[in-house]
$ cat query_14.cif   # mmCIF, C-alpha atoms
data_start
#
loop_
_atom_site.label_atom_id
_atom_site.label_comp_id
_atom_site.auth_asym_id
_atom_site.auth_seq_id
_atom_site.Cartn_x
_atom_site.Cartn_y
_atom_site.Cartn_z
CA MET A 20 25.57 -0.67 12.40
CA THR A 21 22.31 1.16 12.93
CA LYS A 22 20.54 1.46 16.24
CA LYS A 23 17.56 -0.63 17.26
CA PRO A 24 14.28 1.20 17.93
CA ASP A 25 14.39 3.23 21.13
CA GLU A 26 12.34 6.14 22.41
CA LYS A 27 14.03 8.53 20.03
CA TYR A 28 13.26 6.24 17.08
CA TYR A 29 9.53 6.51 17.71
CA LYS A 30 9.74 10.27 18.26
CA LEU A 31 11.68 10.96 15.05
CA LEU A 32 9.48 8.57 13.09
CA GLN A 33 6.34 10.29 14.34
CA GLU A 34 7.72 13.72 13.43
CA LEU A 35 8.57 12.48 9.95
CA GLN A 36 5.11 10.93 9.57
CA GLU A 37 3.59 14.29 10.53
CA LEU A 38 5.58 16.24 7.94
CA ASP A 39 4.96 13.61 5.28
CA PHE A 40 1.25 13.60 5.99
CA VAL A 41 1.00 17.34 5.38
CA LEU A 42 2.82 16.70 2.09
CA VAL A 43 0.39 13.92 1.11
CA GLU A 44 -2.58 16.20 1.80
CA LEU A 45 -1.07 19.12 -0.08
CA THR A 46 -0.14 16.86 -3.01
CA LEU A 47 -3.70 15.62 -3.49
CA TYR A 48 -5.03 19.15 -2.99
CA LEU A 49 -2.63 20.61 -5.55
CA ASP A 50 -3.52 17.88 -8.05
CA THR A 51 -6.95 19.54 -8.25
CA HIS A 52 -5.83 23.11 -7.37
CA PRO A 53 -2.68 23.59 -9.46
CA ASN A 54 -2.86 27.40 -9.33
CA ASP A 55 -2.88 27.83 -5.54
CA LEU A 56 0.44 29.65 -5.05
CA GLU A 57 0.21 29.72 -1.24
CA ALA A 58 -0.29 25.96 -1.14
CA ILE A 59 2.72 25.45 -3.45
CA LYS A 60 4.87 27.63 -1.19
CA GLN A 61 3.76 25.61 1.83
CA PHE A 62 4.43 22.39 -0.09
CA ASN A 63 8.00 23.42 -0.93
CA GLN A 64 8.62 24.57 2.62
CA PHE A 65 7.48 21.23 4.02
CA ALA A 66 9.43 19.31 1.38
CA GLN A 67 12.57 20.99 2.69
CA LYS A 68 11.67 20.28 6.33
CA ARG A 69 11.01 16.62 5.59
CA GLN A 70 14.39 16.27 3.86
CA GLN A 71 16.15 17.49 6.99
CA LYS A 72 14.06 15.27 9.26
CA ALA A 73 14.57 12.21 7.04
CA ARG A 74 18.32 12.81 7.01
CA ALA A 75 18.41 12.99 10.81
CA PHE A 76 16.41 9.75 11.05
CA GLU A 77 18.58 7.91 8.52
CA LEU A 78 21.81 8.90 10.28
CA GLU A 79 20.66 7.06 13.38
CA TYR A 80 18.41 4.31 12.15
CA GLY A 81 19.46 3.55 8.59
CA PRO A 82 18.08 4.18 5.11
CA LEU A 83 14.41 4.89 4.48
CA LEU A 84 14.54 4.60 0.69
CA GLN A 85 16.25 2.27 -1.72
CA PHE A 86 17.53 2.14 -5.30
CA GLY A 87 19.99 4.91 -4.51
CA HIS A 88 17.63 7.41 -2.89
CA SER A 89 19.36 6.85 0.47
CA PHE A 90 23.06 6.30 1.20
CA SER A 91 24.41 3.18 2.90
CA ARG A 92 27.17 2.55 5.42
CA TYR A 93 29.10 -0.71 5.65
CA PRO A 94 27.82 -3.40 5.84
CA TRP A 95 24.72 -2.95 3.65
CA GLU A 96 22.11 -1.47 5.97
CA TRP A 97 18.90 -1.72 3.99
CA LYS A 98 18.22 -5.37 4.76
CA GLU A 99 18.34 -4.83 8.51
CA ALA A 100 15.19 -5.29 10.60
CA PRO A 101 12.98 -3.83 11.85
CA TRP A 102 10.58 -3.50 8.95
CA PRO A 103 7.67 -1.09 9.32
CA TRP A 104 5.11 -3.70 10.35
CA GLN A 105 7.41 -5.08 13.07
CA VAL A 106 7.78 -1.94 15.18
CA MET B 6 8.58 3.38 -11.28
CA TRP B 7 7.88 3.12 -7.57
CA ILE B 8 10.20 3.52 -4.59
CA TYR B 9 9.49 1.76 -1.31
CA GLU B 10 9.84 3.77 1.86
CA LYS B 11 10.69 1.85 5.03
CA LYS B 12 8.03 3.41 7.25
CA LEU B 13 4.26 3.33 7.72
CA GLN B 14 2.12 6.33 6.77
CA TYR B 15 0.55 6.28 10.24
CA PRO B 16 1.64 4.49 13.43
CA VAL B 17 -0.28 1.22 13.87
CA ARG B 18 -0.72 -0.08 17.40
CA VAL B 19 -2.92 -2.91 18.59
CA SER B 20 -3.30 -3.55 22.30
CA LYS B 21 -4.47 -7.15 22.44
CA CYS B 22 -3.96 -10.48 20.69
CA ASP B 23 -7.23 -10.73 18.76
CA PRO B 24 -7.20 -13.02 15.71
CA ARG B 25 -10.96 -12.65 15.39
CA MET B 26 -10.47 -8.98 14.50
CA ALA B 27 -7.69 -9.95 12.06
CA ARG B 28 -10.20 -12.07 10.22
CA PHE B 29 -12.56 -9.11 9.84
CA LEU B 30 -9.76 -6.73 8.82
CA ILE B 31 -8.84 -9.02 5.92
CA GLU B 32 -11.92 -7.54 4.21
CA GLN B 33 -9.91 -4.34 3.69
CA TYR B 34 -6.88 -6.32 2.53
CA GLY B 35 -8.34 -8.53 -0.20
CA GLY B 36 -12.01 -7.59 -0.30
CA ALA B 37 -14.00 -5.85 -3.05
CA ASP B 38 -13.74 -2.39 -1.50
CA GLY B 39 -10.40 -2.99 0.16
CA GLU B 40 -7.09 -1.23 -0.23
CA LEU B 41 -5.66 -3.64 -2.83
CA SER B 42 -8.71 -3.11 -5.01
CA ALA B 43 -8.44 0.65 -4.55
CA ALA B 44 -4.74 0.85 -5.45
CA LEU B 45 -5.08 -1.38 -8.51
CA ARG B 46 -8.31 0.32 -9.65
CA TYR B 47 -6.82 3.83 -9.75
CA LEU B 48 -3.40 2.86 -11.03
CA ASN B 49 -5.02 0.94 -13.86
CA GLN B 50 -7.68 3.50 -14.80
CA ARG B 51 -5.12 6.29 -15.05
CA TYR B 52 -3.75 5.08 -18.41
CA SER B 53 -6.95 6.00 -20.20
CA LEU B 54 -7.97 9.20 -18.39
CA PRO B 55 -7.46 12.83 -19.50
CA ASP B 56 -4.03 14.24 -18.56
CA LYS B 57 -5.63 16.71 -16.14
CA VAL B 58 -6.53 13.99 -13.63
CA ILE B 59 -3.79 11.37 -14.14
CA GLY B 60 -1.65 12.92 -11.40
CA LEU B 61 -4.49 12.62 -8.89
CA LEU B 62 -5.18 8.96 -9.72
CA THR B 63 -1.46 8.18 -9.51
CA ASP B 64 -1.09 9.81 -6.10
CA ILE B 65 -4.25 8.39 -4.54
CA GLY B 66 -3.40 4.94 -5.96
CA THR B 67 0.04 5.19 -4.40
CA GLU B 68 -1.39 6.27 -1.03
CA GLU B 69 -3.67 3.22 -1.13
CA PHE B 70 -0.60 0.97 -1.06
CA ALA B 71 0.46 2.73 2.15
CA HIS B 72 -2.99 1.90 3.55
CA LEU B 73 -2.65 -1.72 2.39
CA GLU B 74 0.58 -1.91 4.40
CA MET B 75 -1.23 -0.52 7.46
CA ILE B 76 -3.93 -3.19 7.20
CA ALA B 77 -1.25 -5.86 6.72
CA THR B 78 0.49 -4.56 9.84
CA MET B 79 -2.72 -4.85 11.87
CA VAL B 80 -3.34 -8.43 10.67
CA TYR B 81 0.30 -9.37 11.25
CA LYS B 82 0.30 -8.04 14.82
CA LEU B 83 -3.09 -9.55 15.67
CA THR B 84 -2.12 -13.06 14.54
CA LYS B 85 1.68 -13.17 15.01
CA ASP B 86 1.77 -15.22 18.21
CA ALA B 87 -1.72 -16.67 18.20
CA THR B 88 -1.89 -20.45 18.67
CA PRO B 89 -3.65 -22.66 16.11
CA GLU B 90 -6.38 -23.14 18.74
CA GLN B 91 -6.87 -19.38 19.06
CA LEU B 92 -6.94 -19.05 15.28
CA GLU B 93 -9.54 -21.80 15.05
CA GLU B 94 -11.69 -20.12 17.70
CA ALA B 95 -11.51 -16.93 15.66
CA GLY B 96 -12.82 -18.76 12.60
CA LEU B 97 -9.38 -18.83 11.01
CA GLY B 98 -9.01 -22.63 11.16
CA PRO B 99 -9.48 -23.04 7.39
CA HIS B 100 -7.07 -20.14 6.82
CA TYR B 101 -4.46 -21.76 9.06
CA VAL B 102 -4.72 -25.08 7.24
CA ASN B 103 -4.09 -23.40 3.90
CA HIS B 104 -1.77 -20.51 4.82
CA ASP B 105 -0.51 -20.83 8.42
CA ARG B 106 -0.28 -17.19 9.57
CA ALA B 107 0.60 -15.90 6.11
CA LEU B 108 -1.49 -13.05 4.77
CA PHE B 109 -3.58 -13.84 1.73
CA TYR B 110 -5.54 -11.57 -0.59
CA GLU B 111 -9.01 -12.71 0.40
CA ASN B 112 -12.06 -11.12 1.99
CA ALA B 113 -13.38 -11.70 5.51
CA ALA B 114 -15.25 -14.79 4.28
CA GLY B 115 -12.10 -16.27 2.73
CA VAL B 116 -13.01 -15.56 -0.91
CA PRO B 117 -9.83 -14.83 -2.91
CA TRP B 118 -9.36 -11.39 -4.48
CA THR B 119 -10.52 -11.12 -8.09
CA ALA B 120 -10.01 -8.48 -10.78
CA SER B 121 -13.76 -8.36 -11.26
CA TYR B 122 -13.88 -6.22 -8.09
CA ILE B 123 -12.46 -3.33 -10.07
CA GLN B 124 -13.69 -1.66 -13.23
CA ALA B 125 -12.14 0.40 -15.99
CA LYS B 126 -14.71 1.69 -18.48
CA GLY B 127 -12.50 4.08 -20.38
CA ASP B 128 -15.14 6.76 -19.86
CA PRO B 129 -13.67 9.30 -17.42
CA ILE B 130 -16.97 10.19 -15.76
CA ALA B 131 -18.00 6.54 -15.33
CA ASP B 132 -14.57 5.68 -13.90
CA LEU B 133 -14.46 8.61 -11.49
CA TYR B 134 -17.99 7.89 -10.26
CA GLU B 135 -16.91 4.31 -9.60
CA ASP B 136 -13.95 5.69 -7.65
CA ILE B 137 -16.18 7.95 -5.55
CA ALA B 138 -18.50 5.02 -4.81
CA ALA B 139 -15.51 2.83 -3.90
CA GLU B 140 -14.28 5.42 -1.40
CA GLU B 141 -17.72 5.67 0.23
CA LYS B 142 -17.99 1.87 0.43
CA ALA B 143 -14.55 1.65 2.01
CA ARG B 144 -15.57 4.38 4.49
CA ALA B 145 -18.61 2.31 5.45
CA THR B 146 -16.49 -0.83 5.86
CA TYR B 147 -14.14 1.03 8.19
CA GLN B 148 -17.15 2.13 10.26
CA TRP B 149 -18.35 -1.45 10.67
CA LEU B 150 -14.81 -2.55 11.55
CA ILE B 151 -14.57 0.18 14.21
CA ASP B 152 -17.92 -1.07 15.58
CA MET B 153 -16.49 -4.60 15.91
CA THR B 154 -13.58 -3.79 18.24
CA ASP B 155 -13.15 -2.11 21.61
CA ASP B 156 -9.37 -1.79 21.16
CA VAL B 157 -8.93 1.99 21.17
CA ASP B 158 -5.49 1.80 19.52
CA LEU B 159 -6.90 -0.22 16.65
CA GLN B 160 -9.92 2.09 16.43
CA ASP B 161 -7.52 5.03 16.19
CA SER B 162 -5.77 3.64 13.08
CA LEU B 163 -9.12 2.66 11.54
CA LYS B 164 -10.48 6.16 12.10
CA PHE B 165 -7.45 7.56 10.27
CA LEU B 166 -8.14 5.27 7.31
CA ARG B 167 -11.84 6.16 7.34
CA GLU B 168 -11.00 9.87 7.18
CA ARG B 169 -8.68 9.26 4.21
CA GLU B 170 -11.61 7.79 2.28
CA ILE B 171 -13.51 11.03 2.84
CA VAL B 172 -10.65 13.18 1.53
CA HIS B 173 -10.12 10.91 -1.49
CA SER B 174 -13.84 10.98 -2.27
CA LEU B 175 -13.77 14.80 -2.33
CA ARG B 176 -10.70 14.86 -4.60
CA PHE B 177 -12.38 12.50 -7.08
CA LYS B 178 -15.46 14.72 -6.99
CA GLU B 179 -13.22 17.70 -7.78
CA ALA B 180 -11.72 15.72 -10.67
CA VAL B 181 -15.26 15.33 -12.07
CA GLU B 182 -15.77 19.09 -11.68
CA ILE B 183 -12.53 19.74 -13.57
CA LEU B 184 -13.54 17.44 -16.43
CA LYS B 185 -17.08 18.79 -16.78
CA GLU B 186 -16.04 22.43 -16.47
CA GLU B 187 -17.15 24.91 -19.13
CA GLN B 188 -14.44 27.39 -20.01
CA GLY B 189 -14.36 30.55 -17.92
CA LYS B 190 -16.76 29.38 -15.22
CA LYS B 191 -15.62 29.42 -11.63
CA LYS B 192 -15.70 26.17 -9.75
CA PHE B 193 -15.83 27.04 -6.05
CA PHE B 194 -19.07 26.52 -4.19
CA MET C 1 -16.39 29.08 4.88
CA LEU C 2 -18.71 26.13 5.27
CA LEU C 3 -22.04 26.02 6.92
CA HIS C 4 -22.11 23.70 9.87
CA HIS C 5 -23.46 20.26 9.05
CA THR C 6 -24.35 17.52 11.49
CA PRO C 7 -22.14 14.42 11.04
CA TYR C 8 -25.01 11.92 11.32
CA LYS C 9 -28.59 11.65 10.17
CA THR C 10 -31.20 9.27 11.50
CA TYR C 11 -34.38 7.51 10.44
CA GLU C 12 -36.94 5.31 12.10
CA PRO C 13 -37.24 1.89 10.45
CA PHE C 14 -40.68 0.33 10.10
CA ILE C 15 -41.39 -2.10 12.93
CA GLY C 16 -43.38 -5.13 11.78
CA PRO C 17 -45.67 -6.98 14.20
CA PHE C 18 -43.83 -10.28 13.64
CA ASP C 19 -40.20 -9.05 13.76
CA PRO C 20 -38.38 -11.61 15.92
CA CYS C 21 -35.57 -9.41 17.34
CA PRO C 22 -36.11 -6.46 19.70
CA PRO C 23 -36.65 -3.57 17.28
CA ILE C 24 -33.99 -0.97 16.58
CA LYS C 25 -36.12 2.16 16.84
CA VAL C 26 -33.69 4.66 15.41
CA LYS C 27 -30.96 4.01 12.87
CA ALA C 28 -28.13 6.44 12.11
CA TYR C 29 -25.87 6.91 9.10
CA SER C 30 -22.81 9.04 8.62
CA THR C 31 -22.96 12.20 6.48
CA PRO C 32 -19.34 13.36 6.26
CA PRO C 33 -18.37 16.88 5.14
CA ASN C 34 -17.34 15.87 1.60
CA LEU C 35 -21.06 15.48 0.84
CA TYR C 36 -21.53 19.23 1.28
CA ILE C 37 -18.51 20.39 -0.72
CA GLN C 38 -18.26 20.38 -4.48
CA PHE C 39 -14.84 21.96 -4.78
CA GLN C 40 -12.61 22.94 -1.86
CA PRO C 41 -11.95 26.70 -1.85
CA PRO C 42 -8.34 27.86 -1.29
CA GLY C 43 -7.04 29.20 2.01
CA TRP C 44 -8.92 27.01 4.45
CA GLU C 45 -7.80 26.95 8.07
CA GLN C 46 -5.42 24.05 8.78
CA PHE C 47 -4.59 21.71 11.65
CA SER C 48 -1.02 21.65 12.97
CA PRO C 49 1.00 18.80 11.38
CA ALA C 50 0.68 16.66 14.54
CA GLU C 51 -3.08 17.25 14.75
CA ALA C 52 -3.49 16.66 11.00
CA LEU C 53 -1.85 13.22 11.17
CA LYS C 54 -3.95 12.29 14.19
CA ARG C 55 -7.18 13.35 12.47
CA GLY C 56 -6.38 12.01 9.02
CA THR C 57 -6.82 15.34 7.26
CA LEU C 58 -5.05 18.71 7.12
CA TRP C 59 -8.31 20.68 7.17
CA PRO C 60 -10.72 20.88 10.13
CA ALA C 61 -13.59 21.41 7.66
CA LEU C 62 -12.96 17.96 6.19
CA TYR C 63 -12.72 16.17 9.52
CA SER C 64 -15.51 13.69 10.17
CA PRO C 65 -15.98 12.19 13.63
CA TYR C 66 -17.12 8.59 14.01
CA ASP C 67 -18.47 7.39 17.31
CA PRO C 68 -19.54 3.73 17.34
CA LYS C 69 -21.39 4.23 20.63
CA TYR C 70 -23.64 6.80 18.99
CA MET C 71 -23.98 4.90 15.71
CA LEU C 72 -25.07 1.71 17.47
CA ASN C 73 -27.58 3.48 19.69
CA PRO C 74 -28.61 6.82 18.20
CA GLY C 75 -32.01 6.71 19.85
CA GLY C 76 -30.45 6.43 23.28
CA MET C 77 -28.45 9.60 23.02
CA GLY C 78 -31.32 11.95 22.36
CA GLY C 79 -32.42 13.93 19.35
CA LYS C 80 -33.02 13.00 15.76
CA GLU C 81 -29.75 14.44 14.53
CA GLY C 82 -26.35 13.41 15.78
CA LYS C 83 -24.36 15.54 18.13
CA ARG C 84 -20.66 16.08 17.64
#

$ encode --input "query_14.cif" --output "structure tokens"
Amino acid sequence: MTKKPDEKYYKLLQELQELDFVLVELTLYLDTHPNDLEAIKQFNQFAQKRQQKARAFELEYGPLLQFGHSFSRYPWEWKEAPWPWQV
Amino acid sequence: MWIYEKKLQYPVRVSKCDPRMARFLIEQYGGADGELSAALRYLNQRYSLPDKVIGLLTDIGTEEFAHLEMIATMVYKLTKDATPEQLEEAGLGPHYVNHDRALFYENAAGVPWTASYIQAKGDPIADLYEDIAAEEKARATYQWLIDMTDDVDLQDSLKFLREREIVHSLRFKEAVEILKEEQGKKKFF
Amino acid sequence: MLLHHTPYKTYEPFIGPFDPCPPIKVKAYSTPPNLYIQFQPPGWEQFSPAEALKRGTLWPALYSPYDPKYMLNPGGMGGKEGKR
């Protein structure tokens, strides 16, 4: 059973949102600047950081992704509230 | 295919029960220059654009769905526990009669979303110019929405969305530069 | 790097002798940084990830402030061009 949102939930979520936002910005930038090697290095570095952060979040609060991109414990965790608009 | 991620792109907080503001925000949910229009416009145009810019349209279109979810979250929170009387006072009486507190793809005046809000000309320059215009119109709408509320938490999320329009507009402009580029010319200014 | 651009511009609407509402003497509109950039050069200075999320962009040069108090009363805050 996954934990309900507590202080740590909001902190981890915020940190993940920060990493993911850098990745969104770099993605759009690289779509029009495909030869910027420094930006690609930064992108890969942040992609690794976000994987670690997402794993830490999922261990405590359940899966972020579905269709097999996140693991599940028993019972099936995906359907558990809260959904993003509820927190 | 698309994968849903169980988190918002940006934290959405609202600090008061304000169904009146929910009614205005619906403009960015199901209005002409709203987030649904944006997502569907780009994800539809991309099938007939040059390969060089398909990635950009795909990614911006996908980000627009994250913005749609943010707007939905604002409307949900602003109306969740409002009474029918409060909804009526906010001008949402007709909405309540038809939809209760359900969200509906309509604009602030209650006009349902229509595909005629979005265009696909098949001409890459025409389509990208439409996209740039759409981003600027959405930026303006966010400004007028910010003007209509004194809730600083809500203003904060709306300012984030306004800034995204500015970045998207620049990326579409860069896509035009890429498509019009003569070989061997540099493109930084 | 970019030249500094003001985030707002203003104009003075014509005031007719029979306009029924008290006239708005100065109107402002937003002129965000994307208007002055054709193609972003590589290597721009970046915000920290926390600051970037808060601002809505990774690059300070793309950040555009929006102040409703100024926009709704640009004449009252002095000058023809907006202040940051």

$ interface_residues --input "query_14.cif" --of "chain B" --to "chain A" --cutoff "6 Å" --atoms "all atoms listed in the file" --output "list of chain:residue names"
B:Glu10, B:Lys11, B:Lys12, B:Leu13, B:Leu61, B:Thr78

$ resolve_selection --input "query_14.cif" --expression "the PyMOL selection byres ((chain C and resi 63-72) around 6)" --output "list of chain:residue names"
B:Asp152, C:Ala28, C:Pro32, C:Pro60, C:Ala61, C:Leu62, C:Asn73, C:Pro74

$ closest_atom_pairs --input "query_14.cif" --of "chain C" --to "chain A" --cutoff "7 Å" --atoms "only C-alpha atoms" --output "tab-separated table"
residue	atom	partner	partner_atom	distance
C:Pro42	CA	A:Asp55	CA	6.9
C:Pro49	CA	A:Glu37	CA	5.3
C:Ala50	CA	A:Glu37	CA	5.5
C:Leu53	CA	A:Glu37	CA	5.6
C:Thr57	CA	A:Glu44	CA	7.0
C:Leu58	CA	A:Glu44	CA	6.4

$ write_last_selection --input "query_14.cif" --atoms "C-alpha atoms" --output "compact mmCIF listing (two decimals), in the coordinates of the input"
# COMPACT_ATOMS: atom_id res chain seq x y z
CA PRO C 42 -8.34 27.86 -1.29
CA PRO C 49 1.00 18.80 11.38
CA ALA C 50 0.68 16.66 14.54
CA LEU C 53 -1.85 13.22 11.17
CA THR C 57 -6.82 15.34 7.26
CA LEU C 58 -5.05 18.71 7.12

$ interface_residues --input "query_14.cif" --of "chain B" --to "chain C" --cutoff "8 Å" --atoms "all atoms listed in the file" --output "JSON, numbers by chain"
{"B": [15, 148, 151, 152, 164, 165, 166, 168, 169, 171, 172, 174, 175, 178, 179, 182, 192, 193, 194]}

$ write_last_selection --input "query_14.cif" --atoms "C-alpha atoms" --output "PDB file, keeping the file's coordinate frame"
ATOM      1  CA  TYR B  15       0.550   6.280  10.240  1.00  0.00           C
ATOM      2  CA  GLN B 148     -17.150   2.130  10.260  1.00  0.00           C
ATOM      3  CA  ILE B 151     -14.570   0.180  14.210  1.00  0.00           C
ATOM      4  CA  ASP B 152     -17.920  -1.070  15.580  1.00  0.00           C
ATOM      5  CA  LYS B 164     -10.480   6.160  12.100  1.00  0.00           C
ATOM      6  CA  PHE B 165      -7.450   7.560  10.270  1.00  0.00           C
ATOM      7  CA  LEU B 166      -8.140   5.270   7.310  1.00  0.00           C
ATOM      8  CA  GLU B 168     -11.000   9.870   7.180  1.00  0.00           C
ATOM      9  CA  ARG B 169      -8.680   9.260   4.210  1.00  0.00           C
ATOM     10  CA  ILE B 171     -13.510  11.030   2.840  1.00  0.00           C
ATOM     11  CA  VAL B 172     -10.650  13.180   1.530  1.00  0.00           C
ATOM     12  CA  SER B 174     -13.840  10.980  -2.270  1.00  0.00           C
ATOM     13  CA  LEU B 175     -13.770  14.800  -2.330  1.00  0.00           C
ATOM     14  CA  LYS B 178     -15.460  14.720  -6.990  1.00  0.00           C
ATOM     15  CA  GLU B 179     -13.220  17.700  -7.780  1.00  0.00           C
ATOM     16  CA  GLU B 182     -15.770  19.090 -11.680  1.00  0.00           C
ATOM     17  CA  LYS B 192     -15.700  26.170  -9.750  1.00  0.00           C
ATOM     18  CA  PHE B 193     -15.830  27.040  -6.050  1.00  0.00           C
ATOM     19  CA  PHE B 194     -19.070  26.520  -4.190  1.00  0.00           C
TER      20      PHE B 194
END

$ residues_around --input "query_14.cif" --residues "Thr21 of chain A" --least-positions-apart "2" --cutoff "9 Å" --atoms "only C-alpha atoms" --output "MDAnalysis selection string"
chainID A and resid 23 77:81 96 99

$ atom_distance --input "query_14.cif" --atom1 "atom CA of Asp158 of chain B" --atom2 "atom CA of Val19 of chain B"
5.4 Å

$ residues_near_point --input "query_14.cif" --point "(-9.6, -4.1, -4.9)" --cutoff "12 Å" --atoms "only C-alpha atoms" --output "ChimeraX atom specification"
/B:31-49,66,69-70,73,110-112,117-124,136,139-140,142-143

$ atom_distance --input "query_14.cif" --atom1 "atom CA of Gln67 of chain A" --atom2 "atom CA of Phe90 of chain A"
18.1 Å

$ atom_distance --input "query_14.cif" --atom1 "atom CA of Lys68 of chain A" --atom2 "atom CA of Ser162 of chain B"
25.0 Å

$ decode --input "query_14.cif" --residues "segment 114-126 of chain B" --atoms "N, CA, C and O atoms" --output "compact mmCIF listing (two decimals), in the first residue's frame"
# COMPACT_ATOMS: atom_id res chain seq x y z
N ALA B 114 -18.01 31.71 -22.72
CA ALA B 114 -19.41 32.05 -22.98
C ALA B 114 -20.29 30.81 -23.13
O ALA B 114 -21.47 30.92 -23.44
N GLY B 115 -19.71 29.62 -22.96
CA GLY B 115 -20.49 28.40 -23.02
C GLY B 115 -20.63 27.80 -24.41
O GLY B 115 -21.39 26.86 -24.61
N VAL B 116 -19.90 28.35 -25.39
CA VAL B 116 -19.97 27.81 -26.76
C VAL B 116 -19.08 26.56 -26.86
O VAL B 116 -17.90 26.62 -26.52
N PRO B 117 -19.64 25.43 -27.30
CA PRO B 117 -18.86 24.19 -27.34
C PRO B 117 -17.66 24.29 -28.30
O PRO B 117 -17.71 25.00 -29.31
N TRP B 118 -16.61 23.55 -27.97
CA TRP B 118 -15.41 23.52 -28.81
C TRP B 118 -15.76 23.01 -30.21
O TRP B 118 -16.62 22.14 -30.37
N THR B 119 -15.12 23.58 -31.22
CA THR B 119 -15.34 23.12 -32.59
C THR B 119 -14.02 23.02 -33.34
O THR B 119 -13.10 23.82 -33.09
N ALA B 120 -13.93 22.05 -34.24
CA ALA B 120 -12.70 21.85 -35.01
C ALA B 120 -12.38 23.04 -35.89
O ALA B 120 -11.24 23.20 -36.33
N SER B 121 -13.37 23.89 -36.13
CA SER B 121 -13.07 25.06 -36.98
C SER B 121 -12.16 26.06 -36.26
O SER B 121 -11.70 27.02 -36.88
N TYR B 122 -11.91 25.87 -34.97
CA TYR B 122 -10.92 26.71 -34.28
C TYR B 122 -9.50 26.46 -34.77
O TYR B 122 -8.62 27.27 -34.55
N ILE B 123 -9.27 25.29 -35.34
CA ILE B 123 -7.90 24.94 -35.70
C ILE B 123 -7.80 24.72 -37.20
O ILE B 123 -8.75 24.29 -37.85
N GLN B 124 -6.63 25.02 -37.75
CA GLN B 124 -6.45 24.95 -39.19
C GLN B 124 -5.28 24.03 -39.53
O GLN B 124 -4.34 23.88 -38.73
N ALA B 125 -5.37 23.39 -40.67
CA ALA B 125 -4.25 22.64 -41.22
C ALA B 125 -4.28 22.90 -42.72
O ALA B 125 -5.19 22.45 -43.42
N LYS B 126 -3.34 23.70 -43.20
CA LYS B 126 -3.34 24.10 -44.61
C LYS B 126 -2.51 23.17 -45.48
O LYS B 126 -2.60 23.21 -46.70
